[in-house]
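S.K.: This is the content of structure.cif (mmCIF, C-alpha atoms):
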```cif
data_work
#
loop_
_atom_site.label_atom_id
_atom_site.label_comp_id
_atom_site.auth_asym_id
_atom_site.auth_seq_id
_atom_site.Cartn_x
_atom_site.Cartn_y
_atom_site.Cartn_z
CA MET A 213 134.48 -55.70 256.77
CA ASN A 214 136.13 -53.59 259.48
CA VAL A 215 138.41 -51.40 257.35
CA HIS A 216 140.03 -49.70 260.35
CA ALA A 217 141.04 -53.05 261.87
CA SER A 218 142.47 -54.17 258.53
CA GLN A 219 144.57 -51.02 258.25
CA VAL A 220 145.85 -51.35 261.82
CA TYR A 221 146.71 -55.02 261.21
CA LEU A 222 148.55 -54.22 257.97
CA ARG A 223 150.51 -51.43 259.69
CA LEU A 224 151.31 -53.74 262.58
CA LYS A 225 152.68 -56.37 260.20
CA PHE A 226 154.59 -53.70 258.27
CA GLY A 227 156.18 -52.35 261.47
CA LEU A 228 157.11 -55.80 262.75
CA ALA A 229 158.61 -56.79 259.41
CA LEU A 230 160.61 -53.56 259.23
CA ALA A 231 162.00 -53.98 262.75
CA ASN A 232 162.83 -57.65 262.22
CA SER A 233 164.49 -56.96 258.87
CA VAL A 234 166.62 -54.22 260.40
CA MET A 235 167.79 -56.58 263.15
CA PHE A 236 168.06 -59.96 261.50
CA THR A 237 169.44 -59.16 258.04
CA THR A 238 172.92 -58.73 259.54
CA TYR A 239 172.52 -60.39 262.93
CA ALA A 240 174.91 -63.18 261.90
CA VAL A 241 177.72 -60.65 261.52
CA TYR A 242 177.05 -59.45 265.08
CA PHE A 243 176.67 -62.92 266.58
CA ILE A 244 179.41 -64.75 264.66
CA GLN A 245 182.08 -62.12 264.00
CA THR A 246 181.63 -59.65 266.88
CA LEU A 247 180.47 -61.97 269.68
CA GLY A 248 182.24 -65.08 268.31
CA LEU A 249 179.38 -67.55 268.81
CA THR A 250 179.96 -71.15 267.63
CA PRO A 251 177.42 -73.23 265.63
CA LEU A 252 176.30 -74.97 268.83
CA GLN A 253 175.95 -71.66 270.66
CA LEU A 254 173.88 -70.27 267.78
CA LEU A 255 171.52 -73.24 268.12
CA LEU A 256 171.42 -72.84 271.91
CA VAL A 257 170.40 -69.21 271.46
CA GLY A 258 167.43 -70.43 269.45
CA THR A 259 166.75 -73.21 271.95
CA VAL A 260 166.48 -70.75 274.86
CA LEU A 261 164.11 -68.59 272.82
CA GLU A 262 161.88 -71.50 271.87
CA LEU A 263 162.01 -73.08 275.33
CA THR A 264 160.73 -69.80 276.78
CA VAL A 265 157.97 -69.77 274.17
CA LEU A 266 157.15 -73.39 275.00
CA LEU A 267 156.82 -72.61 278.71
CA PHE A 268 154.75 -69.43 278.43
CA GLU A 269 152.87 -69.64 275.11
CA GLY A 270 149.87 -71.52 276.44
CA ILE A 271 149.54 -69.25 279.47
CA THR A 272 149.67 -66.02 277.49
CA GLY A 273 147.33 -67.36 274.81
CA VAL A 274 144.78 -68.11 277.52
CA VAL A 275 145.29 -64.60 278.94
CA ALA A 276 144.50 -63.14 275.50
CA ASP A 277 141.31 -65.19 275.16
CA THR A 278 140.28 -64.38 278.72
CA TYR A 279 141.11 -60.70 279.19
CA GLY A 280 141.49 -59.36 275.64
CA ARG A 281 143.83 -59.68 272.66
CA ARG A 282 144.61 -55.93 272.51
CA LYS A 283 146.18 -55.85 275.97
CA SER A 284 148.22 -58.95 275.21
CA VAL A 285 149.60 -57.58 271.92
CA ILE A 286 150.60 -54.19 273.33
CA LEU A 287 152.30 -55.76 276.36
CA GLY A 288 154.23 -58.10 274.08
CA MET A 289 155.49 -55.21 271.95
CA PHE A 290 157.04 -53.40 274.90
CA VAL A 291 158.58 -56.54 276.44
CA MET A 292 160.21 -57.42 273.12
CA SER A 293 161.43 -53.84 272.73
CA GLY A 294 163.31 -54.17 276.01
CA SER A 295 164.80 -57.53 275.01
CA PHE A 296 166.23 -56.15 271.76
CA PHE A 297 167.69 -53.11 273.49
CA LEU A 298 169.46 -55.49 275.89
CA GLU A 299 170.66 -57.72 273.05
CA GLY A 300 172.16 -54.73 271.27
CA SER A 301 173.88 -53.69 274.50
CA VAL A 302 175.42 -57.08 275.29
CA ILE A 303 179.01 -55.85 274.97
CA GLY A 304 178.33 -52.98 277.36
CA ALA A 305 176.49 -55.29 279.77
CA GLY A 306 179.49 -57.65 279.74
CA ALA A 307 181.76 -54.78 280.69
CA VAL A 308 179.50 -53.71 283.57
CA VAL A 309 179.00 -57.27 284.89
CA PRO A 310 182.11 -59.16 283.69
CA VAL A 311 181.26 -62.32 285.62
CA ILE A 312 178.49 -62.98 283.10
CA SER A 313 179.80 -63.93 279.67
CA LEU A 314 178.56 -62.26 276.47
CA PHE A 315 176.95 -65.55 275.45
CA VAL A 316 174.94 -65.69 278.69
CA TRP A 317 173.80 -62.09 278.17
CA VAL A 318 172.54 -63.09 274.71
CA LEU A 319 170.66 -66.03 276.27
CA ILE A 320 169.04 -63.71 278.85
CA SER A 321 167.98 -61.34 276.07
CA GLU A 322 166.48 -64.20 274.05
CA ALA A 323 164.57 -65.48 277.08
CA ILE A 324 162.98 -62.05 277.57
CA ARG A 325 162.25 -61.87 273.86
CA GLY A 326 160.57 -65.28 273.96
CA PHE A 327 158.38 -64.19 276.87
CA GLY A 328 157.30 -61.10 274.91
CA GLU A 329 156.62 -63.10 271.74
CA THR A 330 154.15 -65.32 273.58
CA PHE A 331 151.94 -62.30 274.31
CA LEU A 332 152.00 -61.30 270.65
CA SER A 333 151.71 -64.63 268.80
CA GLY A 334 148.18 -65.82 268.26
CA ALA A 335 146.68 -62.73 269.91
CA ASP A 336 147.30 -60.38 266.97
CA THR A 337 145.78 -62.82 264.46
CA ALA A 338 142.88 -63.71 266.76
CA TRP A 339 142.08 -60.01 267.25
CA PHE A 340 142.20 -59.32 263.51
CA VAL A 341 140.10 -62.33 262.40
CA ASP A 342 137.41 -61.55 264.94
CA GLU A 343 137.28 -57.88 263.96
CA VAL A 344 136.99 -58.43 260.18
CA GLY A 345 135.34 -61.88 260.07
CA GLU A 346 136.78 -65.19 258.93
CA GLU A 347 135.45 -64.82 255.40
CA HIS A 348 137.45 -61.61 254.87
CA ALA A 349 140.69 -62.67 256.56
CA GLY A 350 142.31 -64.71 253.77
CA PRO A 351 142.77 -61.90 251.21
CA VAL A 352 144.10 -59.57 253.91
CA PHE A 353 146.61 -62.23 255.03
CA MET A 354 147.91 -62.35 251.45
CA ARG A 355 148.02 -58.55 251.26
CA ALA A 356 149.79 -58.39 254.62
CA LYS A 357 152.48 -60.68 253.25
CA ARG A 358 153.13 -58.22 250.44
CA TRP A 359 153.31 -55.37 252.96
CA THR A 360 155.80 -57.29 255.06
CA LEU A 361 157.97 -57.99 252.02
CA THR A 362 158.04 -54.28 251.20
CA ALA A 363 158.95 -53.45 254.80
CA ALA A 364 161.64 -56.11 254.82
CA LEU A 365 163.11 -54.64 251.63
CA LEU A 366 163.32 -51.23 253.28
CA GLY A 367 164.78 -52.73 256.45
CA ILE A 368 167.60 -54.45 254.58
CA GLY A 369 169.16 -51.15 253.51
CA ILE A 370 168.83 -49.75 257.02
CA SER A 371 170.34 -52.90 258.53
CA VAL A 372 173.36 -52.93 256.21
CA GLY A 373 173.98 -49.23 256.77
CA LEU A 374 173.75 -49.47 260.56
CA SER A 375 175.83 -52.66 260.68
CA THR A 376 178.58 -50.94 258.72
CA LEU A 377 178.77 -48.31 261.48
CA ALA A 378 178.54 -50.81 264.36
CA THR A 379 177.27 -54.40 264.29
CA ASN A 380 175.03 -53.94 267.35
CA LEU A 381 173.17 -50.86 266.04
CA PRO A 382 170.51 -52.87 264.14
CA PHE A 383 169.31 -54.41 267.44
CA LEU A 384 169.07 -51.01 269.12
CA ALA A 385 167.12 -49.63 266.16
CA GLY A 386 164.83 -52.68 266.17
CA GLY A 387 164.10 -52.21 269.86
CA LEU A 388 163.15 -48.60 269.21
CA LEU A 389 160.80 -49.59 266.37
CA TYR A 390 159.04 -52.12 268.61
CA ALA A 391 158.51 -49.41 271.24
CA VAL A 392 157.09 -47.02 268.62
CA MET A 393 154.71 -49.73 267.38
CA GLY A 394 153.57 -50.40 270.93
CA GLY A 395 152.68 -46.72 271.29
CA TYR A 396 150.84 -46.70 267.96
CA LEU A 397 148.74 -49.74 268.92
CA HIS A 398 147.90 -48.20 272.29
CA LEU A 399 146.38 -45.24 270.44
CA HIS A 400 144.75 -46.91 267.44
CA MET A 401 144.07 -50.62 268.14
CA LYS A 402 140.37 -50.96 268.99
CA GLU A 403 138.79 -54.19 270.21
CA THR A 404 135.06 -54.30 269.43
CA LYS A 405 134.27 -57.96 268.78
CA PHE A 406 135.98 -59.66 271.71
CA ILE A 407 133.46 -61.22 274.10
CA ARG A 408 134.84 -62.12 277.49
CA GLN A 409 133.49 -65.41 278.78
CA GLU A 410 131.33 -64.95 281.84
CA ARG A 411 132.99 -66.01 285.05
CA PRO A 412 131.06 -68.61 287.07
CA PRO A 413 129.78 -67.26 290.39
CA GLY A 414 132.43 -67.42 293.09
CA SER A 415 135.27 -68.32 290.69
CA GLY A 416 138.57 -66.44 290.60
CA PRO A 417 140.96 -65.49 287.80
CA TRP A 418 142.72 -68.87 287.81
CA THR A 419 139.42 -70.68 287.35
CA GLU A 420 138.62 -68.39 284.45
CA LEU A 421 142.01 -69.02 282.82
CA LYS A 422 141.61 -72.77 283.31
CA SER A 423 138.18 -72.72 281.68
CA THR A 424 139.55 -70.87 278.64
CA TRP A 425 142.49 -73.27 278.30
CA LEU A 426 140.17 -76.30 278.49
CA THR A 427 137.98 -74.80 275.76
CA GLY A 428 141.02 -74.53 273.49
CA ALA A 429 142.19 -78.05 274.35
CA ARG A 430 138.74 -79.49 273.58
CA GLU A 431 138.71 -77.59 270.28
CA ILE A 432 141.94 -79.32 269.21
CA SER A 433 141.19 -82.79 270.61
CA SER A 434 137.78 -82.88 268.90
CA ARG A 435 139.24 -82.04 265.49
CA PRO A 436 141.61 -84.70 264.07
CA ILE A 437 142.79 -82.23 261.45
CA LEU A 438 144.00 -79.83 264.17
CA LEU A 439 145.79 -82.68 265.94
CA MET A 440 147.49 -83.47 262.66
CA MET A 441 148.59 -79.85 262.28
CA LEU A 442 150.06 -79.92 265.78
CA ALA A 443 152.29 -82.80 264.66
CA VAL A 444 153.22 -80.92 261.49
CA THR A 445 154.33 -77.85 263.44
CA VAL A 446 156.55 -79.97 265.72
CA PHE A 447 158.58 -81.32 262.79
CA SER A 448 158.50 -78.00 260.96
CA GLY A 449 159.87 -76.28 264.06
CA ALA A 450 162.68 -78.80 264.44
CA ALA A 451 163.70 -78.38 260.81
CA SER A 452 163.42 -74.60 260.68
CA GLU A 453 165.52 -74.11 263.81
CA GLY A 454 168.45 -75.95 262.27
CA TYR A 455 168.21 -74.16 258.94
CA ASP A 456 167.42 -70.64 260.20
CA ARG A 457 170.30 -70.59 262.67
CA LEU A 458 172.96 -72.12 260.45
CA TRP A 459 172.53 -71.04 256.85
CA GLU A 460 174.63 -67.89 257.40
CA ALA A 461 177.36 -69.93 259.11
CA HIS A 462 177.33 -72.34 256.14
CA LEU A 463 177.92 -69.44 253.76
CA LEU A 464 180.58 -67.80 255.93
CA LYS A 465 182.59 -70.90 256.86
CA GLU A 466 181.98 -73.65 254.31
CA ILE A 467 180.89 -71.99 251.06
CA THR A 468 182.55 -68.53 251.44
CA PHE A 469 181.73 -65.50 249.34
CA PRO A 470 183.35 -64.89 245.93
CA ALA A 471 186.82 -63.40 246.44
CA GLU A 472 186.62 -61.49 243.15
CA LEU A 473 183.80 -59.34 244.60
CA PRO A 474 185.26 -57.51 247.64
CA LEU A 475 181.98 -56.99 249.50
CA SER A 476 181.55 -57.18 253.27
CA PRO A 477 179.54 -60.08 254.76
CA ALA A 478 176.88 -57.58 255.89
CA LEU A 479 176.46 -56.34 252.32
CA TRP A 480 176.33 -59.91 250.96
CA PHE A 481 173.57 -60.86 253.40
CA GLY A 482 171.73 -57.67 252.47
CA LEU A 483 171.91 -58.47 248.76
CA ILE A 484 170.70 -62.02 249.35
CA SER A 485 167.75 -60.69 251.36
CA VAL A 486 166.87 -58.18 248.63
CA LEU A 487 166.86 -60.87 245.95
CA THR A 488 164.75 -63.17 248.15
CA ILE A 489 162.18 -60.46 248.79
CA LEU A 490 161.90 -59.40 245.14
CA LEU A 491 161.37 -62.99 244.03
CA SER A 492 158.93 -63.56 246.91
CA MET A 493 156.89 -60.53 245.83
CA LEU A 494 156.56 -62.03 242.37
CA ALA A 495 155.64 -65.42 243.83
CA MET A 496 153.00 -63.88 246.11
CA TRP A 497 151.47 -61.98 243.19
CA ILE A 498 151.18 -65.22 241.22
CA ALA A 499 149.80 -67.10 244.27
CA GLU A 500 147.11 -64.45 244.87
CA LYS A 501 145.99 -64.73 241.24
CA ARG A 502 146.10 -68.53 240.96
CA LEU A 503 145.22 -70.00 244.38
CA ASP A 504 141.74 -70.17 245.91
CA THR A 505 142.44 -69.95 249.65
CA THR A 506 138.85 -70.90 250.50
CA ASP A 507 139.25 -74.39 248.99
CA GLU A 508 140.86 -76.60 251.65
CA ARG A 509 141.91 -79.28 249.16
CA ILE A 510 143.77 -76.71 247.04
CA VAL A 511 145.47 -75.38 250.17
CA PHE A 512 146.57 -78.88 251.24
CA LYS A 513 147.78 -79.76 247.76
CA SER A 514 149.75 -76.53 247.64
CA MET A 515 151.32 -77.19 251.04
CA PHE A 516 152.28 -80.72 249.96
CA VAL A 517 154.02 -79.47 246.82
CA LEU A 518 155.70 -76.60 248.65
CA THR A 519 156.98 -78.93 251.38
CA ALA A 520 158.51 -81.27 248.79
CA LEU A 521 160.18 -78.33 247.07
CA ARG A 522 161.44 -77.02 250.42
CA ILE A 523 163.11 -80.35 251.23
CA ALA A 524 164.79 -80.40 247.83
CA ALA A 525 165.97 -76.77 248.20
CA VAL A 526 167.45 -77.29 251.68
CA LEU A 527 169.32 -80.41 250.52
CA SER A 528 170.55 -78.53 247.46
CA PHE A 529 171.87 -75.75 249.70
CA ALA A 530 173.53 -78.22 252.06
CA PHE A 531 175.46 -79.90 249.23
CA SER A 532 176.14 -76.79 247.16
CA PRO A 533 179.52 -77.13 245.39
CA ASN A 534 179.93 -73.38 244.96
CA PHE A 535 178.48 -69.99 245.86
CA GLY A 536 176.26 -69.70 242.77
CA TRP A 537 174.57 -73.01 243.48
CA ALA A 538 174.14 -72.07 247.15
CA LEU A 539 172.60 -68.71 246.23
CA VAL A 540 169.97 -70.26 243.96
CA SER A 541 169.08 -72.80 246.65
CA LEU A 542 168.83 -70.08 249.30
CA LEU A 543 166.49 -68.02 247.16
CA ALA A 544 164.30 -71.07 246.53
CA VAL A 545 163.99 -71.81 250.27
CA GLY A 546 163.06 -68.19 250.98
CA VAL A 547 160.41 -67.95 248.29
CA ILE A 548 158.83 -71.27 249.26
CA GLY A 549 158.59 -70.18 252.90
CA THR A 550 156.99 -66.87 251.92
CA VAL A 551 154.22 -68.49 249.89
CA SER A 552 153.58 -71.26 252.44
CA ALA A 553 153.03 -69.03 255.49
CA PRO A 554 149.77 -67.22 254.54
CA LEU A 555 148.28 -70.42 253.11
CA PHE A 556 148.78 -72.23 256.40
CA GLU A 557 147.54 -69.24 258.42
CA THR A 558 144.39 -68.83 256.34
CA TRP A 559 143.46 -72.50 256.52
CA LEU A 560 144.11 -72.70 260.25
CA ASN A 561 141.87 -69.75 261.11
CA LEU A 562 139.03 -71.18 259.02
CA ASN A 563 139.04 -74.21 261.32
CA ILE A 564 139.08 -72.54 264.75
CA GLU A 565 136.16 -71.17 266.76
CA SER A 566 136.42 -67.51 267.80
CA ARG A 567 136.13 -68.01 271.57
CA ALA A 568 139.31 -70.10 271.72
CA ARG A 569 141.17 -68.69 268.70
CA ALA A 570 144.14 -67.16 270.55
CA THR A 571 144.48 -70.21 272.78
CA VAL A 572 144.52 -72.67 269.87
CA LEU A 573 146.94 -70.52 267.87
CA SER A 574 149.18 -70.35 270.93
CA MET A 575 149.06 -74.13 271.26
CA MET A 576 150.18 -74.36 267.64
CA SER A 577 153.05 -72.02 268.46
CA GLN A 578 153.86 -74.20 271.46
CA SER A 579 154.16 -77.28 269.28
CA ASP A 580 156.45 -75.34 266.94
CA ALA A 581 158.53 -74.26 269.95
CA LEU A 582 158.62 -77.87 271.17
CA GLY A 583 160.04 -78.95 267.82
CA GLN A 584 162.62 -76.18 267.85
CA THR A 585 163.59 -76.80 271.46
CA ALA A 586 163.99 -80.55 270.95
CA GLY A 587 165.45 -80.44 267.45
CA GLY A 588 167.71 -77.40 267.74
CA PRO A 589 170.37 -78.79 270.12
CA PHE A 590 170.42 -82.10 268.23
CA VAL A 591 171.01 -80.36 264.91
CA GLY A 592 173.63 -78.11 266.52
CA TRP A 593 175.42 -81.11 268.06
CA ILE A 594 175.65 -82.69 264.61
CA GLY A 595 177.17 -79.45 263.34
CA ASN A 596 179.81 -79.44 266.06
CA ARG A 597 180.67 -83.13 265.64
CA LEU A 598 180.57 -83.27 261.84
CA SER A 599 179.86 -80.06 259.90
CA VAL A 600 177.26 -77.37 259.30
CA ARG A 601 176.51 -79.18 256.04
CA ALA A 602 175.51 -82.28 258.03
CA SER A 603 173.25 -80.15 260.24
CA LEU A 604 171.44 -78.71 257.23
CA THR A 605 170.95 -82.21 255.81
CA THR A 606 169.40 -83.28 259.11
CA ALA A 607 167.04 -80.28 258.93
CA ALA A 608 165.84 -81.45 255.49
CA VAL A 609 165.28 -85.00 256.76
CA LEU A 610 163.12 -83.64 259.61
CA LEU A 611 160.70 -82.27 257.00
CA LEU A 612 159.94 -85.70 255.53
CA PRO A 613 157.21 -86.63 258.10
CA ILE A 614 155.33 -83.45 257.11
CA LEU A 615 155.31 -84.57 253.50
CA PHE A 616 153.88 -87.93 254.59
CA VAL A 617 151.09 -86.28 256.64
CA PHE A 618 150.02 -83.94 253.83
CA GLY A 619 150.10 -86.81 251.34
CA ARG A 620 147.90 -88.96 253.58
CA VAL A 621 145.32 -86.17 253.97
CA LEU A 622 145.21 -85.63 250.21
CA ARG A 623 144.60 -89.34 249.55
CA LYS A 624 141.72 -89.38 252.04
CA ARG A 625 140.06 -86.36 250.43
CA GLN A 626 140.23 -87.62 246.84
#
```
Using the file provided, produce a representation of the structure as structure tokens.
M.R.:
Amino acid sequence: MNVHASQVYLRLKFGLALANSVMFTTYAVYFIQTLGLTPLQLLLVGTVLELTVLLFEGITGVVADTYGRRKSVILGMFVMSGSFFLEGSVIGAGAVVPVISLFVWVLISEAIRGFGETFLSGADTAWFVDEVGEEHAGPVFMRAKRWTLTAALLGIGISVGLSTLATNLPFLAGGLLYAVMGGYLHLHMKETKFIRQERPPGSGPWTELKSTWLTGAREISSRPILLMMLAVTVFSGAASEGYDRLWEAHLLKEITFPAELPLSPALWFGLISVLTILLSMLAMWIAEKRLDTTDERIVFKSMFVLTALRIAAVLSFAFSPNFGWALVSLLAVGVIGTVSAPLFETWLNLNIESRARATVLSMMSQSDALGQTAGGPFVGWIGNRLSVRASLTTAAVLLLPILFVFGRVLRKRQ
């Protein structure tokens, strides 16, 4: 196994998790209290991000498979760094160009972020799996999840501290961390296993890109199981967009924090994140000991059970009668998501050929973005017309088709 590539991948995941934790632990305080975004606007922010991903994901995935995953990842890091710097400077940008509202500045920032994410998603995993080999990837994916949880735990404290000083500081710090990671990868990320497909005589770059895209499309269309996973990611994306964008608003506006504990919202969100991470670390340790990630049936059975539990947890959160109930439900959703992610990633990479790996992974991300783009505004509209509670219920309902798909696969493989 390529130990150097494993270490670079683990450090990459650690750095990304740290930056994201710094920014997104308290982002709701910045968006809701400082910028005054409504539930619908919060969903539209996510919609713009996912629409950008939907438009560019396939193109950038093909670029990674055609010209190299390393170049794609490093470019994505610097583009995203710029987007987060802009997002943290929205108030200043609004003062310089007052004809553009703060909300529009946020949308512009998210569009740039989405463009950068398309260069990163799929390419980093494709690079890593090729460098270490498919048979060694699963255990490292599980280890990477533990690294990201540790980084997220560290980032929570930084986020709460910076947000206490100024609510936009976490975004500026996150942008700086992305730039530092881009520099680190430029120096240490080596690509030794990537084989560029030979260009037919007389063909240009567009012909080469088209050939790579068609290879990825044929890979998916020839494998019914990959087509099924495309459908799963569409519904998962629609559900996650509603939940991820609105759970903080549900706590702030409909549940409210306990009055007897005079803590700021930023500190509450930090404490919730810490509890989620600690429980997730325990869950990941148990999963690593108990689950055989090389057995596809075990992976599918695990994803079926975890999806059922996720639906129940989201519904429980939506109908929480008090803060204690809501907190337990939140923690359950977080832990379930943590355990599910590496299982899905491991299984997916075992079923994709190397030459089209980044393209296929990008297509999966596109289907997720399609679900979020289509489902997000609908869930947000329900929140504006009825309540955030109704939006969260809708998000849980959108997960039901996934449960049906996993159940059908399990019955066929018995």
S.K.: Produce a table with one row for each residue of range 597-626 of chain A that has an atom at most 12 Å from any atom of range 523-527 of chain A, each row naming the nearest atom pair and its distance in Å at one decimal; use all atoms listed in the file; arrange rows by chain and rising residue number; format as JSON lines.
M.R.:
```
{"residue": "A:Arg601", "atom": "CA", "partner": "A:Leu527", "partner_atom": "CA", "distance": 9.1}
{"residue": "A:Ala602", "atom": "CA", "partner": "A:Leu527", "partner_atom": "CA", "distance": 9.9}
{"residue": "A:Ser603", "atom": "CA", "partner": "A:Leu527", "partner_atom": "CA", "distance": 10.5}
{"residue": "A:Leu604", "atom": "CA", "partner": "A:Val526", "partner_atom": "CA", "distance": 7.0}
{"residue": "A:Thr605", "atom": "CA", "partner": "A:Leu527", "partner_atom": "CA", "distance": 5.8}
{"residue": "A:Thr606", "atom": "CA", "partner": "A:Leu527", "partner_atom": "CA", "distance": 9.1}
{"residue": "A:Ala607", "atom": "CA", "partner": "A:Val526", "partner_atom": "CA", "distance": 7.9}
{"residue": "A:Ala608", "atom": "CA", "partner": "A:Ile523", "partner_atom": "CA", "distance": 5.2}
{"residue": "A:Val609", "atom": "CA", "partner": "A:Ile523", "partner_atom": "CA", "distance": 7.5}
{"residue": "A:Leu610", "atom": "CA", "partner": "A:Ile523", "partner_atom": "CA", "distance": 9.0}
{"residue": "A:Leu611", "atom": "CA", "partner": "A:Ile523", "partner_atom": "CA", "distance": 6.5}
{"residue": "A:Leu612", "atom": "CA", "partner": "A:Ile523", "partner_atom": "CA", "distance": 7.6}
{"residue": "A:Pro613", "atom": "CA", "partner": "A:Ile523", "partner_atom": "CA", "distance": 11.0}
{"residue": "A:Ile614", "atom": "CA", "partner": "A:Ile523", "partner_atom": "CA", "distance": 10.2}
{"residue": "A:Leu615", "atom": "CA", "partner": "A:Ile523", "partner_atom": "CA", "distance": 9.2}
```
S.K.: Put those residues in a file: C-alpha atoms, as a PDB file, in the frame of the given file.
M.R.:
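Once everything was written out, this is again-v2.pdb:
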```
ATOM      1  CA  ARG A 601     176.510 -79.180 256.040  1.00  0.00           C
ATOM      2  CA  ALA A 602     175.510 -82.280 258.030  1.00  0.00           C
ATOM      3  CA  SER A 603     173.250 -80.150 260.240  1.00  0.00           C
ATOM      4  CA  LEU A 604     171.440 -78.710 257.230  1.00  0.00           C
ATOM      5  CA  THR A 605     170.950 -82.210 255.810  1.00  0.00           C
ATOM      6  CA  THR A 606     169.400 -83.280 259.110  1.00  0.00           C
ATOM      7  CA  ALA A 607     167.040 -80.280 258.930  1.00  0.00           C
ATOM      8  CA  ALA A 608     165.840 -81.450 255.490  1.00  0.00           C
ATOM      9  CA  VAL A 609     165.280 -85.000 256.760  1.00  0.00           C
ATOM     10  CA  LEU A 610     163.120 -83.640 259.610  1.00  0.00           C
ATOM     11  CA  LEU A 611     160.700 -82.270 257.000  1.00  0.00           C
ATOM     12  CA  LEU A 612     159.940 -85.700 255.530  1.00  0.00           C
ATOM     13  CA  PRO A 613     157.210 -86.630 258.100  1.00  0.00           C
ATOM     14  CA  ILE A 614     155.330 -83.450 257.110  1.00  0.00           C
ATOM     15  CA  LEU A 615     155.310 -84.570 253.500  1.00  0.00           C
TER      16      LEU A 615
END
```
S.K.: For Ala378 in chain A, find every residue with an atom within 10 Å (counting all atoms listed in the file), except residues of its own chain fewer than 5 positions away, and show them as a list in words.
M.R.: Tyr242, Thr246, Val372 and Gly373 of chain A
S.K.: Mind pulling up the distance from CA of Thr488 in chain A to CA of Gly546 in chain A?
M.R.: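 Answer for the CA of Gly546 in chain A to CA of Thr488 in chain A separation: 6.0 Å.
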S.K.: Give as JSON, numbers by chain the residues that the PyMOL selection byres ((chain A and resi 595) around 10) matches when applied to the coordinates above.
M.R.: {"A": [250, 251, 252, 255, 454, 458, 589, 590, 591, 592, 593, 594, 596, 597, 598, 599, 600, 601, 602, 603, 604, 606]}
S.K.: Using only C-alpha atoms, find the one residue out of A:Phe516, A:Phe353, A:Tyr455, A:Phe447 that sits nearest to Pro554 in chain A.
M.R.: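 Residue with the minimum atom-to-atom distance to Pro554 in chain A: A:Phe353.
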